[in-house]
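Worksheet for the structure shown next.
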Amino acid sequence: MWKWAPVLVLLSACSQRPADDVRSIKVELPIEAKSGPDWFEDVTAASAVAFTYKNGEDVKPPHLSILESLGGGAALIDFDGDGLLDLFLPGGGYFAGTDNKEIRGHPCGLFKNLAGFKFHEVTKETGLDTLAAGQPWFYTHAAAVGDYDRDGWPDLLVTGWSRIALFRNVSDGKGGRRFEDASAKAGLDQGITWATSAAWADLDSDGWPDLYVCQYVDWSFNNHPTDCNYDGKTPDVCPPKKFQGLPHKVYRNNTDGSFTDVSKEAGLLEGGNGSKGLGVLVVDVNLDGKPDVYVANDTVLNFLYINQSTPGRIHFREGGLMAGVAGDGSGNPQGSMGLDAGDPEGRGQPALWVTNYENELHALYRNVCDKDRILFVFHTPASGIAAIGQKYVGWGTGFADFDYDGWEDLFVVNGHAIRYPKGAPRAQKPVLLRNRTGKFEDITRRGGPFFQQPHLARGAALGDLDNDGRMDFVVSHMNEPVAILRNVAPKDNHWIGVQLARPEKADVVGARIVLEAGGRKQTRFAKGGGSYASAPDRRFVFGLGKTERIDSLRVVWPDGKQQVWAGLEIDRYHRLAQKEE
Amino acid sequence: MLRYVKVAVRALTYPLRAARRRPLVALLLIAALLATLLVCSFLYAGYQWRSAQNALASDRAEEARAHLAFCLFMWPRSAEVQFIAGRAARLCGDVTAAEAHLDRCLKLEGATQKVQLEFLLLRVQTGEVDQVASALVAAVEEGHPESPLILETLARAYMHLLRYKEALACLTRWIEEMQAPESAKPHQWRGWVFERLGHSKRAMEDYQKALRHDPSLSSARLRVAEMLLEDNDPLAAIPHLEHLREQLPTRPEPMARLGQCRFLQGRHDEARRLLEEAVKEMPKDLNLLVYLGKLELQQDRPADAEKWLRRALQVDDKDTEALYTLVSVLQVRGRVEEAAATLKQYKHFKELVERVNRLLREESDPATNNPAVCSEIGILLLQVGRERLGEYWLGRALEGDPHHQPSHKALADYYDGKGESDKAAHHRARLRLKKE
């Protein structure tokens, strides 16, 4: 309406509407009260992870800068290859100097997983206490995990104000691992104004992970309006509309440890008023084997970069608006932050999910791509999510089948972006949504004590921290300690976990896994990025309900080849390697 | 039959015959009857006077005028009655009558302060707000007992002239001046103004205050429900809509908005029932038609979705939401090129709407009254189909600069397009004049 004030797979799978049969089977679950055993237990205190992301807002007099509003994420990375996910946490920053206008960084933290939800800080031992040559950290936000040099060891990219840093995972010479700052060698130590989320994925099908980096807005102390308020009087953080967006970056992996900024050749849009990136997800939306890039922009239209790359040449066509995923159901841009892709209805195609600002519905887009058509339908109302309402500002998020009933659930962590919000509190409770055969219901009250308290949350990373097959998660807050939440949902359902591997340690993003069990098909998608500023577990877990055997598990690799496994044992993880030629 | 006629004639002529027999008694009776009639008339006029005053105090100016008609008949030389009749006429927008009553007042009791004030208020209402505002504001500052009325009149004029910031200042002052019991009206008006200024939260607060003062205010309640819907909060909107359905069982709007709530709740069957019922009464309601289109799209009926959306576009072919939804529908139907063309249209109009909104919000400051800005707003409004507003803004541009060429050209083209050749010729002549 006219408003005043303010408004695709190898196997030629793309040639057919995939997995129609999946929808035909409806599992009627018994109606269960929304009360019951908690799904999560806050194990932070016993974990020995005592870490707080700080945004520097305590400076006197306060700057109320937009820099302070973004917060940080969390990255799950098994850096030492012991089979347990370790935890990397960006530290944020503060303001110093005579006029408190020097932007500095707090050190990040790396915590080694000792099993049983016990961690030990190894930041200094692993060389992550400083940047190259002992330089102090910059003001950080996000972390992304990827094996850019294909040596089998996951590397780390950290983003933030004025720069990004690439840390290569190397031997410490004593049988352990450490990180070395490879930013300069990689050519990633310049050209950044303000980087937020980032994602690794092989975008040009050469097997080597390339890098997408979101940038936010052109704020600096030279462009720092101080006349913003939301109640007519109280000074507050200015909204993004006060600034110009920055162009995002895509870097092609040169395969020799260096990267080339190919943003322009790749067809990325310019900055201006249309590019204020906060979240990024790489997933193959049209099942053509080429991972596409979906970007959550703040207050302007989201991007869907359809991958049209050829080996060695990255190229995209932006088609978010035409595809129906750039804004809400009316095409209006939203304040988008976190995102993920999943298959909550069992359709075999990745639905896209975006968390948004208060009073803007979170967006669930049903994938109706078909042959050459890239199209999504705004599915939030029909999924039951609109009925829950949207009072909070949503950030980190993710699909995961927390109770292993075979349907992917959702969680969202929340926290206001401004300092003195009027309609909602600054600290906000997380939200837990249970998927009941494609329709969601709010079961936050079953989330456990953490879900009953308000938090000023930002990033969140999903992962199985104790390898019990149940997805736990880590939440990064602003000026409040990080939280580690253990999945303690009733263990009366079965599961199966999968880790993908390709020859010569090639990147797996763009692959998809189709599991057939109990008369249903479930599909998972190998993704890069996701959530907000965070890096989740890259393994795939399927809930099986009461089913005690799987019929088959088919992997469609990014190069179009398929492999089928049958009779895999349930209630454990499997490493599935692509058959070499 | 003849017998009955005779009886009737006898009955009717009985008083004459009786009077002939007893003339004195008859005279006394007639005098008593006339006296009674006179007393009753005065009593009735008094009743009408009180009713008129009550009606005026309750914002029912039309009703007040009806009551005053008899008072004016009874007391044509009463300055007070003429004054109140003038005010009632002004509030009804009948400027000629208002002026006539006030002129009569002048003749009856001279230029008293209250008559002068009423004349000033009348000038405000006829568009001369800038000429008299300073005098009226000064009166308010000095604590004039009629301050609320002055502020109400000024606010109304500014709202009519789309000068929202000044209207807001008047309404805020009016609310501050109000004494218990508070009135719902200034809050409702200020809510309306806040909406135009893009402050939806403050608008909502004012509407809710208005409802607290007067829970029967259905227009404010409907707007509250609609704003909650716009804020994607169907659960909060539903109680208001159900209240309205009880209050106004025959009105289709609450049903339509409740249908929209059910759609957002994913209760599609109920949404369909309500929306389809409402659209019979509101066949040109854009929101309703677009929601029906969305519902059909959700339920995999793209052909039906297209039908509803085409209907919406018949109502307003520039409606961006209808165009956007149609893009998806056309793609689902495999008409990719048509979808791309529709998307292009959508982008075009969306851009215009965003630009005009930005200009209205940020640059249409009445203090500057920049003809170029006013003209651009007017032209954009004409382009997005808001013709009345477009004409208004182009008119404002010409007030600032009577020779403003882009405004004359836009109006000439616009009137040509509407077939109003006289008006078009008037503006074309101005174009030529400038060239000469």
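In the structure tokens, the first chain shown is A, the next is B, and so on; residue numbers restart at 1 for each chain, and ligands run from 1 in the order shown.
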Within 9 Å of chain B, which residues of chain A show up when using only C-alpha atoms, listed as a tab-separated table (two decimals) with all heavy atoms, in the first residue's frame?
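New file iface_17.tsv:
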```
chain	number	residue	atom	x	y	z
A	1	MET	N	0.84	-1.20	0.00
A	1	MET	CA	0.00	0.00	0.00
A	1	MET	C	0.88	1.24	0.00
A	1	MET	O	2.01	1.20	0.43
A	1	MET	CB	-0.85	0.06	1.28
A	1	MET	CG	-1.85	-1.04	1.45
A	1	MET	SD	-3.01	-1.25	0.15
A	1	MET	CE	-2.50	-2.82	-0.46
A	2	TRP	N	0.28	2.34	-0.40
A	2	TRP	CA	1.03	3.59	-0.41
A	2	TRP	C	1.08	4.12	1.01
A	2	TRP	O	0.07	4.41	1.62
A	2	TRP	CB	0.31	4.57	-1.31
A	2	TRP	CG	1.19	5.69	-1.72
A	2	TRP	CD1	2.08	5.68	-2.73
A	2	TRP	CD2	1.26	6.98	-1.14
A	2	TRP	NE1	2.71	6.88	-2.81
A	2	TRP	CE2	2.23	7.71	-1.85
A	2	TRP	CE3	0.62	7.60	-0.08
A	2	TRP	CZ2	2.55	9.00	-1.55
A	2	TRP	CZ3	0.96	8.90	0.21
A	2	TRP	CH2	1.91	9.58	-0.52
A	3	LYS	N	2.26	4.20	1.54
A	3	LYS	CA	2.35	4.59	2.95
A	3	LYS	C	2.94	5.98	3.07
A	3	LYS	O	3.83	6.36	2.33
A	3	LYS	CB	3.21	3.59	3.70
A	3	LYS	CG	2.49	2.26	3.83
A	3	LYS	CD	3.16	1.40	4.87
A	3	LYS	CE	2.38	0.13	5.12
A	3	LYS	NZ	2.36	-0.76	4.01
A	4	TRP	N	2.46	6.66	4.04
A	4	TRP	CA	2.88	8.04	4.19
A	4	TRP	C	4.23	8.16	4.83
A	4	TRP	O	5.03	8.98	4.46
A	4	TRP	CB	1.85	8.80	5.02
A	4	TRP	CG	0.84	9.38	4.16
A	4	TRP	CD1	-0.38	8.85	3.85
A	4	TRP	CD2	0.95	10.57	3.41
A	4	TRP	NE1	-1.02	9.64	2.97
A	4	TRP	CE2	-0.23	10.73	2.68
A	4	TRP	CE3	1.94	11.53	3.27
A	4	TRP	CZ2	-0.45	11.79	1.84
A	4	TRP	CZ3	1.71	12.59	2.44
A	4	TRP	CH2	0.53	12.71	1.73
A	5	ALA	N	4.36	7.61	5.92
A	5	ALA	CA	5.58	7.89	6.64
A	5	ALA	C	6.51	6.67	6.56
A	5	ALA	O	6.08	5.58	6.50
A	5	ALA	CB	5.26	8.14	8.08
A	6	PRO	N	6.46	7.89	7.18
A	6	PRO	CA	7.28	7.02	6.75
A	6	PRO	C	6.53	6.38	5.87
A	6	PRO	O	5.78	6.91	5.42
A	6	PRO	CB	7.86	6.56	7.89
A	6	PRO	CG	7.11	7.13	8.90
A	6	PRO	CD	6.36	8.06	8.36
A	7	VAL	N	7.30	3.79	3.38
A	7	VAL	CA	7.44	2.58	2.60
A	7	VAL	C	7.51	2.33	0.86
A	7	VAL	O	8.94	3.53	1.18
A	7	VAL	CB	7.48	2.28	2.17
A	7	VAL	CG1	6.60	1.88	1.79
A	7	VAL	CG2	7.19	1.52	2.36
A	231	ASP	N	12.69	9.48	21.24
A	231	ASP	CA	11.54	9.90	22.04
A	231	ASP	C	11.40	11.41	22.04
A	231	ASP	O	10.68	11.98	22.86
A	231	ASP	CB	11.68	9.39	23.48
A	231	ASP	CG	12.91	9.94	24.16
A	231	ASP	OD1	13.68	10.68	23.51
A	231	ASP	OD2	13.12	9.64	25.35
A	321	LEU	N	15.02	-9.12	-5.21
A	321	LEU	CA	13.66	-8.59	-5.27
A	321	LEU	C	12.78	-9.46	-6.16
A	321	LEU	O	11.65	-9.80	-5.81
A	321	LEU	CB	13.71	-7.15	-5.81
A	321	LEU	CG	12.51	-6.27	-5.50
A	321	LEU	CD1	12.25	-6.17	-4.01
A	321	LEU	CD2	12.71	-4.87	-6.07
A	322	MET	N	13.32	-9.83	-7.30
A	322	MET	CA	12.56	-10.67	-8.23
A	322	MET	C	12.27	-12.04	-7.59
A	322	MET	O	11.22	-12.63	-7.81
A	322	MET	CB	13.37	-10.85	-9.51
A	322	MET	CG	12.65	-11.58	-10.61
A	322	MET	SD	11.41	-10.52	-11.39
A	322	MET	CE	10.97	-11.52	-12.81
A	323	ALA	N	13.23	-12.51	-6.79
A	323	ALA	CA	13.06	-13.82	-6.16
A	323	ALA	C	12.16	-13.75	-4.93
A	323	ALA	O	11.79	-14.79	-4.38
A	323	ALA	CB	14.42	-14.39	-5.76
A	324	GLY	N	11.83	-12.56	-4.49
A	324	GLY	CA	10.92	-12.42	-3.35
A	324	GLY	C	11.58	-12.52	-2.00
A	324	GLY	O	10.89	-12.72	-1.00
A	329	GLY	N	6.83	-9.53	2.95
A	329	GLY	CA	5.88	-10.02	1.96
A	329	GLY	C	5.35	-8.95	1.04
A	329	GLY	O	4.71	-9.26	0.03
A	330	SER	N	5.63	-7.69	1.37
A	330	SER	CA	5.20	-6.60	0.50
A	330	SER	C	6.37	-5.95	-0.22
A	330	SER	O	6.21	-4.92	-0.85
A	330	SER	CB	4.48	-5.53	1.33
A	330	SER	OG	3.43	-6.12	2.05
A	331	GLY	N	7.54	-6.54	-0.06
A	331	GLY	CA	8.72	-6.00	-0.73
A	331	GLY	C	9.40	-4.88	0.03
A	331	GLY	O	10.35	-4.29	-0.47
A	332	ASN	N	8.94	-4.60	1.23
A	332	ASN	CA	9.55	-3.50	2.00
A	332	ASN	C	10.84	-3.98	2.66
A	332	ASN	O	10.87	-5.06	3.24
A	332	ASN	CB	8.61	-3.01	3.10
A	332	ASN	CG	7.33	-2.46	2.51
A	332	ASN	OD1	7.36	-1.65	1.59
A	332	ASN	ND2	6.21	-2.93	3.00
A	358	GLU	N	12.51	-5.08	15.49
A	358	GLU	CA	11.23	-5.15	16.18
A	358	GLU	C	10.09	-4.67	15.26
A	358	GLU	O	10.28	-3.77	14.44
A	358	GLU	CB	11.24	-4.31	17.46
A	358	GLU	CG	11.36	-2.83	17.22
A	358	GLU	CD	11.42	-2.01	18.50
A	358	GLU	OE1	11.28	-2.57	19.58
A	358	GLU	OE2	11.64	-0.80	18.38
A	359	ASN	N	8.95	-5.27	15.45
A	359	ASN	CA	7.75	-4.97	14.65
A	359	ASN	C	7.90	-5.31	13.17
A	359	ASN	O	7.05	-4.94	12.37
A	359	ASN	CB	7.33	-3.51	14.78
A	359	ASN	CG	6.90	-3.17	16.20
A	359	ASN	OD1	6.42	-4.05	16.91
A	359	ASN	ND2	7.10	-1.96	16.61
A	360	GLU	N	8.99	-5.96	12.83
A	360	GLU	CA	9.12	-6.49	11.46
A	360	GLU	C	9.14	-8.01	11.59
A	360	GLU	O	9.95	-8.54	12.35
A	360	GLU	CB	10.43	-6.02	10.82
A	360	GLU	CG	10.52	-4.52	10.68
A	360	GLU	CD	11.90	-4.05	10.22
A	360	GLU	OE1	12.84	-4.86	10.25
A	360	GLU	OE2	12.03	-2.90	9.87
A	361	LEU	N	8.25	-8.65	10.90
A	361	LEU	CA	8.20	-10.10	11.06
A	361	LEU	C	9.51	-10.73	10.62
A	361	LEU	O	10.08	-10.34	9.61
A	361	LEU	CB	7.06	-10.66	10.20
A	361	LEU	CG	5.64	-10.30	10.62
A	361	LEU	CD1	4.65	-10.83	9.60
A	361	LEU	CD2	5.34	-10.85	11.99
A	368	VAL	N	10.31	-21.99	-3.87
A	368	VAL	CA	9.52	-22.58	-4.97
A	368	VAL	C	10.31	-22.45	-6.28
A	368	VAL	O	9.72	-22.29	-7.35
A	368	VAL	CB	8.11	-21.93	-5.08
A	368	VAL	CG1	7.25	-22.29	-3.89
A	368	VAL	CG2	8.19	-20.41	-5.21
A	373	ARG	N	13.57	-20.78	-12.77
A	373	ARG	CA	12.88	-19.79	-11.94
A	373	ARG	C	13.48	-19.75	-10.54
A	373	ARG	O	13.50	-20.78	-9.86
A	373	ARG	CB	11.39	-20.15	-11.86
A	373	ARG	CG	10.57	-19.19	-11.05
A	373	ARG	CD	9.13	-19.65	-10.97
A	373	ARG	NE	8.93	-20.73	-10.01
A	373	ARG	CZ	7.85	-21.49	-9.95
A	373	ARG	NH1	6.87	-21.29	-10.81
A	373	ARG	NH2	7.74	-22.46	-9.05
A	374	ILE	N	13.93	-18.58	-10.12
A	374	ILE	CA	14.41	-18.43	-8.74
A	374	ILE	C	13.31	-17.68	-8.01
A	374	ILE	O	13.12	-16.47	-8.21
A	374	ILE	CB	15.70	-17.59	-8.68
A	374	ILE	CG1	16.73	-18.06	-9.70
A	374	ILE	CG2	16.26	-17.57	-7.27
A	374	ILE	CD1	17.44	-19.31	-9.36
A	375	LEU	N	12.58	-18.38	-7.18
A	375	LEU	CA	11.43	-17.74	-6.56
A	375	LEU	C	11.15	-18.31	-5.17
A	375	LEU	O	11.22	-19.53	-4.95
A	375	LEU	CB	10.19	-17.92	-7.45
A	375	LEU	CG	8.91	-17.22	-6.97
A	375	LEU	CD1	9.09	-15.72	-6.90
A	375	LEU	CD2	7.74	-17.57	-7.88
A	376	PHE	N	10.83	-17.40	-4.27
A	376	PHE	CA	10.43	-17.76	-2.91
A	376	PHE	C	9.12	-17.07	-2.60
A	376	PHE	O	8.83	-16.00	-3.13
A	376	PHE	CB	11.49	-17.30	-1.90
A	376	PHE	CG	12.80	-18.03	-2.00
A	376	PHE	CD1	13.71	-17.75	-3.01
A	376	PHE	CD2	13.12	-19.01	-1.08
A	376	PHE	CE1	14.91	-18.42	-3.09
A	376	PHE	CE2	14.33	-19.69	-1.16
A	376	PHE	CZ	15.23	-19.39	-2.17
A	377	VAL	N	8.35	-17.70	-1.73
A	377	VAL	CA	7.10	-17.08	-1.28
A	377	VAL	C	7.24	-16.79	0.20
A	377	VAL	O	7.69	-17.64	0.97
A	377	VAL	CB	5.90	-18.03	-1.54
A	377	VAL	CG1	4.63	-17.45	-0.93
A	377	VAL	CG2	5.72	-18.24	-3.04
A	378	PHE	N	6.85	-15.58	0.58
A	378	PHE	CA	6.92	-15.17	1.99
A	378	PHE	C	5.99	-16.06	2.80
A	378	PHE	O	4.77	-16.00	2.67
A	378	PHE	CB	6.49	-13.70	2.10
A	378	PHE	CG	6.69	-13.11	3.45
A	378	PHE	CD1	7.96	-12.87	3.95
A	378	PHE	CD2	5.60	-12.75	4.24
A	378	PHE	CE1	8.15	-12.30	5.19
A	378	PHE	CE2	5.78	-12.18	5.50
A	378	PHE	CZ	7.06	-11.96	5.97
A	379	HIS	N	6.58	-16.91	3.63
A	379	HIS	CA	5.82	-17.99	4.26
A	379	HIS	C	5.62	-17.77	5.76
A	379	HIS	O	5.07	-18.62	6.45
A	379	HIS	CB	6.60	-19.29	4.01
A	379	HIS	CG	5.83	-20.53	4.33
A	379	HIS	ND1	4.64	-20.85	3.72
A	379	HIS	CD2	6.08	-21.54	5.20
A	379	HIS	CE1	4.20	-22.00	4.21
A	379	HIS	NE2	5.05	-22.43	5.11
A	380	THR	N	6.06	-16.62	6.24
A	380	THR	CA	5.99	-16.38	7.69
A	380	THR	C	4.58	-16.54	8.25
A	380	THR	O	4.40	-17.25	9.26
A	380	THR	CB	6.55	-14.98	8.01
A	380	THR	OG1	7.89	-14.91	7.52
A	380	THR	CG2	6.55	-14.70	9.49
A	381	PRO	N	3.56	-15.91	7.64
A	381	PRO	CA	2.22	-16.08	8.21
A	381	PRO	C	1.77	-17.54	8.21
A	381	PRO	O	1.30	-18.06	9.22
A	381	PRO	CB	1.32	-15.23	7.30
A	381	PRO	CG	2.24	-14.24	6.69
A	381	PRO	CD	3.54	-14.96	6.50
A	382	ALA	N	1.93	-18.20	7.08
A	382	ALA	CA	1.42	-19.57	6.97
A	382	ALA	C	2.17	-20.53	7.89
A	382	ALA	O	1.63	-21.57	8.29
A	382	ALA	CB	1.53	-20.04	5.52
A	383	SER	N	3.41	-20.20	8.24
A	383	SER	CA	4.19	-21.10	9.09
A	383	SER	C	3.83	-20.94	10.56
A	383	SER	O	4.33	-21.69	11.40
A	383	SER	CB	5.69	-20.79	8.92
A	383	SER	OG	5.97	-19.52	9.48
A	384	GLY	N	2.99	-19.98	10.87
A	384	GLY	CA	2.61	-19.76	12.26
A	384	GLY	C	3.55	-18.80	12.98
A	384	GLY	O	3.30	-18.44	14.13
A	385	ILE	N	4.61	-18.38	12.31
A	385	ILE	CA	5.59	-17.52	12.98
A	385	ILE	C	5.05	-16.10	13.18
A	385	ILE	O	5.31	-15.46	14.19
A	385	ILE	CB	6.91	-17.51	12.18
A	385	ILE	CG1	7.57	-18.89	12.31
A	385	ILE	CG2	7.86	-16.43	12.68
A	385	ILE	CD1	8.72	-19.14	11.39
A	386	ALA	N	4.23	-15.64	12.23
A	386	ALA	CA	3.67	-14.29	12.37
A	386	ALA	C	2.74	-14.21	13.58
A	386	ALA	O	2.63	-13.16	14.22
A	386	ALA	CB	2.92	-13.89	11.11
A	387	ALA	N	2.07	-15.32	13.87
A	387	ALA	CA	1.12	-15.32	14.98
A	387	ALA	C	1.81	-15.10	16.32
A	387	ALA	O	1.20	-14.63	17.28
A	387	ALA	CB	0.36	-16.63	15.01
A	388	ILE	N	3.09	-15.44	16.37
A	388	ILE	CA	3.83	-15.29	17.62
A	388	ILE	C	4.09	-13.82	17.90
A	388	ILE	O	4.27	-13.40	19.03
A	388	ILE	CB	5.16	-16.09	17.52
A	388	ILE	CG1	4.83	-17.58	17.41
A	388	ILE	CG2	6.07	-15.81	18.69
A	388	ILE	CD1	5.93	-18.39	16.82
A	389	GLY	N	4.07	-13.01	16.85
A	389	GLY	CA	4.36	-11.59	17.01
A	389	GLY	C	5.85	-11.36	16.97
A	389	GLY	O	6.65	-12.30	16.99
A	390	GLN	N	6.22	-10.10	16.89
A	390	GLN	CA	7.65	-9.80	16.76
A	390	GLN	C	7.94	-8.51	17.49
A	390	GLN	O	7.94	-7.44	16.91
A	390	GLN	CB	8.01	-9.78	15.28
A	390	GLN	CG	9.39	-9.35	14.89
A	390	GLN	CD	10.51	-9.77	15.83
A	390	GLN	OE1	10.38	-10.61	16.72
A	390	GLN	NE2	11.63	-9.13	15.69
A	391	LYS	N	8.17	-8.66	18.78
A	391	LYS	CA	8.41	-7.50	19.62
A	391	LYS	C	9.89	-7.22	19.80
A	391	LYS	O	10.25	-6.19	20.35
A	391	LYS	CB	7.79	-7.73	21.00
A	391	LYS	CG	6.28	-7.73	20.99
A	391	LYS	CD	5.78	-6.32	20.86
A	391	LYS	CE	4.28	-6.26	20.78
A	391	LYS	NZ	3.84	-4.98	20.19
A	422	LYS	N	12.13	2.61	23.35
A	422	LYS	CA	10.90	3.08	23.99
A	422	LYS	C	9.87	1.96	24.12
A	422	LYS	O	9.29	1.75	25.17
A	422	LYS	CB	10.31	4.23	23.19
A	422	LYS	CG	9.41	5.12	23.99
A	422	LYS	CD	9.36	6.51	23.43
A	422	LYS	CE	8.46	7.39	24.27
A	422	LYS	NZ	7.10	7.45	23.82
A	423	GLY	N	9.68	1.25	23.04
A	423	GLY	CA	8.60	0.26	23.04
A	423	GLY	C	8.97	-1.09	23.59
A	423	GLY	O	8.10	-1.90	23.90
```
Shell around Gly91 (chain A) at 10 Å using only C-alpha atoms, local window under 4 positions removed, as number ranges by chain = A: 51-55, 71-74, 105-109, 137-142, 476, 478
Residue selection dump (N, CA, C and O atoms) as a compact mmCIF listing (two decimals), in the first residue's frame:
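Saved file selection.txt follows:
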```txt
# COMPACT_ATOMS: atom_id res chain seq x y z
N PHE A 51 34.04 -15.07 29.47
CA PHE A 51 34.45 -14.14 28.42
C PHE A 51 33.29 -13.21 28.11
O PHE A 51 32.15 -13.65 27.97
N THR A 52 33.61 -11.95 27.97
CA THR A 52 32.57 -10.96 27.68
C THR A 52 32.99 -10.10 26.50
O THR A 52 34.09 -9.54 26.50
N TYR A 53 32.10 -10.02 25.54
CA TYR A 53 32.31 -9.08 24.44
C TYR A 53 31.98 -7.69 24.97
O TYR A 53 30.90 -7.47 25.53
N LYS A 54 32.89 -6.77 24.77
CA LYS A 54 32.64 -5.40 25.26
C LYS A 54 32.61 -4.44 24.08
O LYS A 54 33.44 -4.54 23.18
N ASN A 55 31.64 -3.53 24.14
CA ASN A 55 31.48 -2.62 22.99
C ASN A 55 31.97 -1.21 23.26
O ASN A 55 31.85 -0.35 22.40
N GLY A 71 27.86 -5.49 18.26
CA GLY A 71 28.23 -6.63 19.07
C GLY A 71 29.07 -7.64 18.30
O GLY A 71 29.64 -7.33 17.25
N GLY A 72 29.13 -8.85 18.84
CA GLY A 72 30.00 -9.86 18.24
C GLY A 72 29.34 -11.22 18.15
O GLY A 72 28.23 -11.42 18.62
N GLY A 73 30.06 -12.11 17.55
CA GLY A 73 29.54 -13.47 17.35
C GLY A 73 30.37 -14.50 18.08
O GLY A 73 31.12 -14.18 19.02
N ALA A 74 30.19 -15.73 17.66
CA ALA A 74 30.92 -16.86 18.24
C ALA A 74 31.23 -17.84 17.12
O ALA A 74 30.41 -18.02 16.22
N GLY A 105 40.82 -2.36 19.98
CA GLY A 105 40.19 -3.67 20.14
C GLY A 105 40.52 -4.36 21.43
O GLY A 105 41.63 -4.21 21.95
N HIS A 106 39.57 -5.10 21.94
CA HIS A 106 39.85 -6.01 23.05
C HIS A 106 40.36 -7.32 22.46
O HIS A 106 39.93 -7.70 21.35
N PRO A 107 41.21 -8.05 23.16
CA PRO A 107 41.67 -9.33 22.62
C PRO A 107 40.50 -10.30 22.45
O PRO A 107 39.53 -10.26 23.21
N CYS A 108 40.62 -11.14 21.43
CA CYS A 108 39.63 -12.19 21.25
C CYS A 108 40.01 -13.36 22.17
O CYS A 108 41.05 -13.34 22.82
N GLY A 109 39.19 -14.37 22.20
CA GLY A 109 39.48 -15.51 23.08
C GLY A 109 39.29 -16.83 22.36
O GLY A 109 38.34 -16.98 21.57
N TRP A 137 44.84 -6.08 18.90
CA TRP A 137 43.62 -6.38 18.15
C TRP A 137 42.87 -5.11 17.75
O TRP A 137 42.94 -4.11 18.44
N PHE A 138 42.16 -5.21 16.67
CA PHE A 138 41.26 -4.13 16.26
C PHE A 138 39.89 -4.40 16.88
O PHE A 138 39.68 -5.43 17.52
N TYR A 139 38.98 -3.47 16.70
CA TYR A 139 37.61 -3.61 17.24
C TYR A 139 36.91 -4.69 16.41
O TYR A 139 36.66 -4.49 15.23
N THR A 140 36.57 -5.81 17.04
CA THR A 140 36.12 -6.99 16.28
C THR A 140 34.62 -7.24 16.41
O THR A 140 33.98 -6.82 17.38
N HIS A 141 34.10 -7.94 15.43
CA HIS A 141 32.69 -8.34 15.44
C HIS A 141 32.51 -9.85 15.22
O HIS A 141 31.93 -10.53 16.03
N ALA A 142 32.98 -10.33 14.07
CA ALA A 142 32.57 -11.67 13.64
C ALA A 142 33.77 -12.58 13.40
O ALA A 142 34.91 -12.12 13.28
N SER A 476 26.75 -15.02 22.14
CA SER A 476 27.59 -13.88 22.50
C SER A 476 26.69 -12.69 22.83
O SER A 476 25.77 -12.39 22.07
N MET A 478 26.42 -8.52 24.51
CA MET A 478 27.19 -7.29 24.64
C MET A 478 27.31 -6.94 26.11
O MET A 478 26.30 -6.80 26.81
```
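The space between CA of Ala457 (chain A) and CA of Thr196 (chain A) spans 15.7 Å.
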Neighbours of region 305-320 of chain A within 7 Å (only C-alpha atoms; same-chain residues fewer than 6 positions away dropped), as a ChimeraX atom specification?
-> /A:203-206,265-267,290-294,326
List every residue of region 220-352 of chain B that DSSP, applied to the backbone, labels as alpha helix (DSSP H), and write the result as a PyMOL selection string.
-> chain B and resi 220-230+234-247+252-264+268-281+286-298+302-315+320-332+336-352
Got a sec: who's within 12 Å of Pro225 (chain A), counting only C-alpha atoms, leaving out chain neighbours fewer than 2 positions off, as a ChimeraX atom specification?
-> /A:63-66,218-223,227-229,235-243
Residue selection dump (C-alpha atoms) as an mmCIF file, in the first residue's frame:
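What follows is the written file out-v9.cif:
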```cif
data_model
loop_
_atom_site.group_PDB
_atom_site.id
_atom_site.type_symbol
_atom_site.label_atom_id
_atom_site.label_comp_id
_atom_site.auth_asym_id
_atom_site.auth_seq_id
_atom_site.Cartn_x
_atom_site.Cartn_y
_atom_site.Cartn_z
ATOM 1 C CA HIS A 63 29.649 8.419 22.139
ATOM 2 C CA LEU A 64 26.409 6.575 21.376
ATOM 3 C CA SER A 65 28.080 5.528 18.160
ATOM 4 C CA ILE A 66 26.525 3.016 15.822
ATOM 5 C CA ASP A 218 30.338 4.679 6.441
ATOM 6 C CA TRP A 219 30.359 5.674 10.085
ATOM 7 C CA SER A 220 33.513 7.055 11.632
ATOM 8 C CA PHE A 221 34.193 9.799 14.122
ATOM 9 C CA ASN A 222 34.423 12.066 11.075
ATOM 10 C CA ASN A 223 30.860 11.097 10.206
ATOM 11 C CA ASP A 227 21.400 14.555 16.999
ATOM 12 C CA CYS A 228 19.508 11.263 17.085
ATOM 13 C CA ASN A 229 16.798 10.353 19.529
ATOM 14 C CA PRO A 235 20.174 11.272 22.733
ATOM 15 C CA ASP A 236 20.722 7.804 21.321
ATOM 16 C CA VAL A 237 22.583 5.768 18.718
ATOM 17 C CA CYS A 238 21.783 6.957 15.203
ATOM 18 C CA PRO A 239 19.977 4.566 12.883
ATOM 19 C CA PRO A 240 21.668 3.156 9.767
ATOM 20 C CA LYS A 241 19.610 5.420 7.530
ATOM 21 C CA LYS A 242 21.811 8.268 8.709
ATOM 22 C CA PHE A 243 24.724 6.697 6.856
#
```
